[in-house]
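Here is the structure we will look at.
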Amino acid sequence: MSPICFLLNATVYPVLVPVGFMVLTLIIFICLAAWTSLLREEISNHQEFHNKRQQEELKLSKPVSPASPFSLSKVQLGVWTMVISSSYLYLALFKGACADTEINQTALVLLGIFSGTAVSSKIIDKREIKDQRPRHQNTPSRGFFADILSDDLGISIHRFQHVVWTLVGIIAYLYQMGEIKTSCVMPELSNTLLALMGISSATFVAIQSKENDPGAATKTLVADQPTVPAPASPIHPYQPPPASQAPPQQAYANSGGNAFYG
């Protein structure tokens with residue numbers, strides 16, 4: 001065997017197998033996310049969805065996506081699943097000495113946080129569907145970022161901070177993954193960062209439970225309506241007051257029938 005072939009067999013081929021498997025898994029995940037309902041909201045009222053789609057097409061004067069919006073809780077669970085599983089495969093397959101790598105506490109906490117968020121969101125959705133509430137999820141997708149950052153009132157701060165802390169956690173996790181040179185231990189995030197992501201998830205679930213609340217929706221509609229002033233009383237043209245009439249004179253009848261003033 002030539003030195004080049006030996007070098008390829010010793011270095012390149014063992015790397016191509018795990019990397020190719022990871023890339024293939026990532027492509028499958030992206031395709032399922034784009035063309036299926038894997039990461040999208042459930043449509044509870046197709047007639048409402050159809051009406052809103054027609055309104056959007058008339059408003060924008062262009063075709064609107066027939067797909068339902070992306071779900072923030074499903075997106076986060078899917079992304080973290082891919083990050084942790086890819087990290088595990090990287091250590092177990094890419095590094096030959098790490099075949100016995102174990103899932104550590106950080107990975108379990110992260111999957112627990114976002115699995116719990118996804119389950120709580122699903123329970124809230126099922127309750128709203130059972131109550132037959134009008135839901136902002138019955139709206140055509142307006143794009144990935146607009147979907148995950150929007151609630152019934154538009155772009156919301158609680159969804160924004162939830163996405164921010166998720167991105168912070170992913171960046172920190174992948175950075176530590178890249179710093180692994182010799183050890184076979186999966187990345188560890190600080191307890192403070194894990195607590196922040198847990199608080200962020202709890203805040204998101206608590207506010208999501210009130211997004212399609214009928215009472216809140218009614219109050220919002222009333223508050224958004226402009227105040228119409230009461231109609232002013234009509235102004236009539238000027239009319240002069242009637243002329244005063246002199247008191248009738250007392251007539252004194254005389255024998256000749258003429259008025260006599262004494």
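Letters for chains follow the order of the structure tokens (A, B, ...), residue numbers begin at 1 for each chain, and ligand numbers begin at 1 in the order shown.
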
Could you list, with a cut-off of 9 Å and counting only C-alpha atoms, the residues of range 30-147 of chain A near range 161-174 of chain A, each shown with its nearest atom pair and the distance in Å rounded to one decimal, rows sorted by chain and ascending number, as JSON lines?
{"residue": "A:Leu72", "atom": "CA", "partner": "A:Val163", "partner_atom": "CA", "distance": 8.3}
{"residue": "A:Gln76", "atom": "CA", "partner": "A:Thr166", "partner_atom": "CA", "distance": 7.6}
{"residue": "A:Val79", "atom": "CA", "partner": "A:Ile170", "partner_atom": "CA", "distance": 8.9}
{"residue": "A:Trp80", "atom": "CA", "partner": "A:Ile170", "partner_atom": "CA", "distance": 7.7}
{"residue": "A:Val83", "atom": "CA", "partner": "A:Ile170", "partner_atom": "CA", "distance": 7.7}
{"residue": "A:Ile84", "atom": "CA", "partner": "A:Tyr173", "partner_atom": "CA", "distance": 9.0}
{"residue": "A:Ser87", "atom": "CA", "partner": "A:Leu174", "partner_atom": "CA", "distance": 8.2}

Store the residues picked out above in a file with N, CA, C and O atoms, as a short mmCIF file (atom, residue, chain, number, x, y, z; two decimals), in the first residue's frame.
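Below is the file result_12.cif, written as the result:
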data_model
loop_
_atom_site.label_atom_id
_atom_site.label_comp_id
_atom_site.auth_asym_id
_atom_site.auth_seq_id
_atom_site.Cartn_x
_atom_site.Cartn_y
_atom_site.Cartn_z
N LEU A 72 -42.26 28.08 18.85
CA LEU A 72 -41.00 28.37 19.54
C LEU A 72 -40.57 27.21 20.43
O LEU A 72 -39.39 26.84 20.45
N GLN A 76 -37.05 25.07 19.83
CA GLN A 76 -35.99 24.98 20.83
C GLN A 76 -35.69 23.52 21.19
O GLN A 76 -34.52 23.14 21.33
N VAL A 79 -33.77 22.00 18.21
CA VAL A 79 -32.39 22.50 18.07
C VAL A 79 -31.49 21.91 19.15
O VAL A 79 -30.37 21.45 18.87
N TRP A 80 -31.97 21.92 20.41
CA TRP A 80 -31.14 21.37 21.48
C TRP A 80 -30.94 19.86 21.31
O TRP A 80 -29.88 19.32 21.66
N VAL A 83 -28.14 19.63 18.84
CA VAL A 83 -26.86 20.07 19.39
C VAL A 83 -26.27 19.00 20.31
O VAL A 83 -25.08 18.63 20.19
N ILE A 84 -27.08 18.47 21.21
CA ILE A 84 -26.57 17.49 22.18
C ILE A 84 -26.24 16.16 21.48
O ILE A 84 -25.20 15.54 21.76
N SER A 87 -23.07 16.55 19.46
CA SER A 87 -21.90 16.60 20.34
C SER A 87 -21.52 15.21 20.82
O SER A 87 -20.34 14.85 20.88
#

Practice prompt. Please provide the set of residues having any atom within 8 Å of range 101-116 of chain A, restricted to only C-alpha atoms, with same-chain residues fewer than 4 positions apart removed, written as an MDAnalysis selection string.
Written response: chainID A and resid 73 76:77 80:81 84 88 91:92 120 184:189 194 197:198 201

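Near Gln132 in chain A, within 10 Å and counting only C-alpha atoms, sit Ser44, Asn45, Lys126, Arg127 and Glu128 of chain A, not including residues fewer than 4 positions from it in the same chain.
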
Residues just named, written with N, CA, C and O atoms as a CSV table (one decimal), in the first residue's frame:
chain,number,residue,atom,x,y,z
A,44,SER,N,-56.1,24.6,14.7
A,44,SER,CA,-57.4,24.0,15.3
A,44,SER,C,-58.6,24.4,14.6
A,44,SER,O,-59.6,23.7,14.7
A,45,ASN,N,-58.6,25.5,13.8
A,45,ASN,CA,-59.8,25.9,13.0
A,45,ASN,C,-59.3,26.2,11.6
A,45,ASN,O,-58.8,27.3,11.3
A,126,LYS,N,-53.8,22.2,23.7
A,126,LYS,CA,-54.9,21.2,23.7
A,126,LYS,C,-56.1,21.8,24.5
A,126,LYS,O,-57.3,21.6,24.2
A,127,ARG,N,-55.8,22.5,25.6
A,127,ARG,CA,-56.9,23.1,26.4
A,127,ARG,C,-57.6,24.2,25.6
A,127,ARG,O,-58.8,24.3,25.6
A,128,GLU,N,-56.8,25.0,24.8
A,128,GLU,CA,-57.5,26.1,24.0
A,128,GLU,C,-58.3,25.5,22.9
A,128,GLU,O,-59.3,26.0,22.5

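Using only C-alpha atoms for every distance, the candidate list A:Leu38, A:Ile148, A:Val205, A:Cys31 yields A:Ile148 as the residue closest to Pro69 in chain A.
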
Worksheet item: Hey, what's within 9 Å of range 151-157 of chain A if we count only C-alpha atoms and toss same-chain stuff fewer than 3 positions away? As a list in words, please?
Response: Arg135, His136, Gln137, Ala146, Asp147, Ile148, Phe160, Gln161, His162, Gln208, Glu211, Asn212 and Ala217 of chain A

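Of note, CA of Lys210 in chain A and CA of Ser65 in chain A are spaced 26.6 Å apart.
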
Just the residues within 9 Å of Arg40 in chain A, please, counting only C-alpha atoms, with nothing from its chain fewer than 6 positions along; format it as a PDB file with N, CA and C atoms, in the first residue's frame.
ATOM      1  N   ALA A  33     -38.065  20.068   9.084  1.00  0.00           N
ATOM      2  CA  ALA A  33     -38.522  21.322   9.675  1.00  0.00           C
ATOM      3  C   ALA A  33     -39.141  22.240   8.631  1.00  0.00           C
ATOM      4  N   ALA A  67     -48.617  27.249   5.016  1.00  0.00           N
ATOM      5  CA  ALA A  67     -48.159  26.495   6.184  1.00  0.00           C
ATOM      6  C   ALA A  67     -48.505  27.240   7.464  1.00  0.00           C
ATOM      7  N   SER A  68     -48.658  26.501   8.534  1.00  0.00           N
ATOM      8  CA  SER A  68     -48.901  27.098   9.845  1.00  0.00           C
ATOM      9  C   SER A  68     -47.602  27.692  10.392  1.00  0.00           C
ATOM     10  N   PRO A  69     -47.679  28.586  11.390  1.00  0.00           N
ATOM     11  CA  PRO A  69     -46.461  29.222  11.909  1.00  0.00           C
ATOM     12  C   PRO A  69     -45.583  28.250  12.688  1.00  0.00           C
ATOM     13  N   PHE A  70     -44.302  28.589  12.807  1.00  0.00           N
ATOM     14  CA  PHE A  70     -43.372  27.792  13.594  1.00  0.00           C
ATOM     15  C   PHE A  70     -43.674  27.968  15.082  1.00  0.00           C
ATOM     16  N   SER A  71     -43.461  26.885  15.823  1.00  0.00           N
ATOM     17  CA  SER A  71     -43.669  26.885  17.274  1.00  0.00           C
ATOM     18  C   SER A  71     -42.331  27.094  17.970  1.00  0.00           C
ATOM     19  N   LEU A  72     -42.257  28.079  18.849  1.00  0.00           N
ATOM     20  CA  LEU A  72     -41.001  28.371  19.542  1.00  0.00           C
ATOM     21  C   LEU A  72     -40.571  27.211  20.427  1.00  0.00           C
ATOM     22  N   LYS A  74     -41.253  23.994  20.130  1.00  0.00           N
ATOM     23  CA  LYS A  74     -40.811  22.863  19.314  1.00  0.00           C
ATOM     24  C   LYS A  74     -39.463  23.147  18.671  1.00  0.00           C
ATOM     25  N   VAL A  75     -39.254  24.378  18.226  1.00  0.00           N
ATOM     26  CA  VAL A  75     -37.979  24.740  17.607  1.00  0.00           C
ATOM     27  C   VAL A  75     -36.847  24.587  18.605  1.00  0.00           C
TER      28      VAL A  75
END

Worksheet item: Interatomic distance between CA of Ser183 in chain A and CA of Thr25 in chain A?
Response: 24.8 Å

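Residue nearest Arg142 in chain A within the list A:Tyr90, A:Leu24, A:Lys181, A:Glu56: A:Glu56 [criterion: smallest interatomic distance, only C-alpha atoms].
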
Discussion item. Please identify the helix (DSSP H, G or I) residues within range 112-207 of chain A (assignment by DSSP from backbone atoms) and present them as an NGL selection string.
Written reply: :A and (112-130 or 144-149 or 157-179 or 191-207)

Item to complete: Step one, run DSSP on the backbone; step two, keep only residues of range 36-243 of chain A assigned to strand (DSSP E); then write them as a PyMOL selection string.
Response: chain A and resi 150-151+154-155
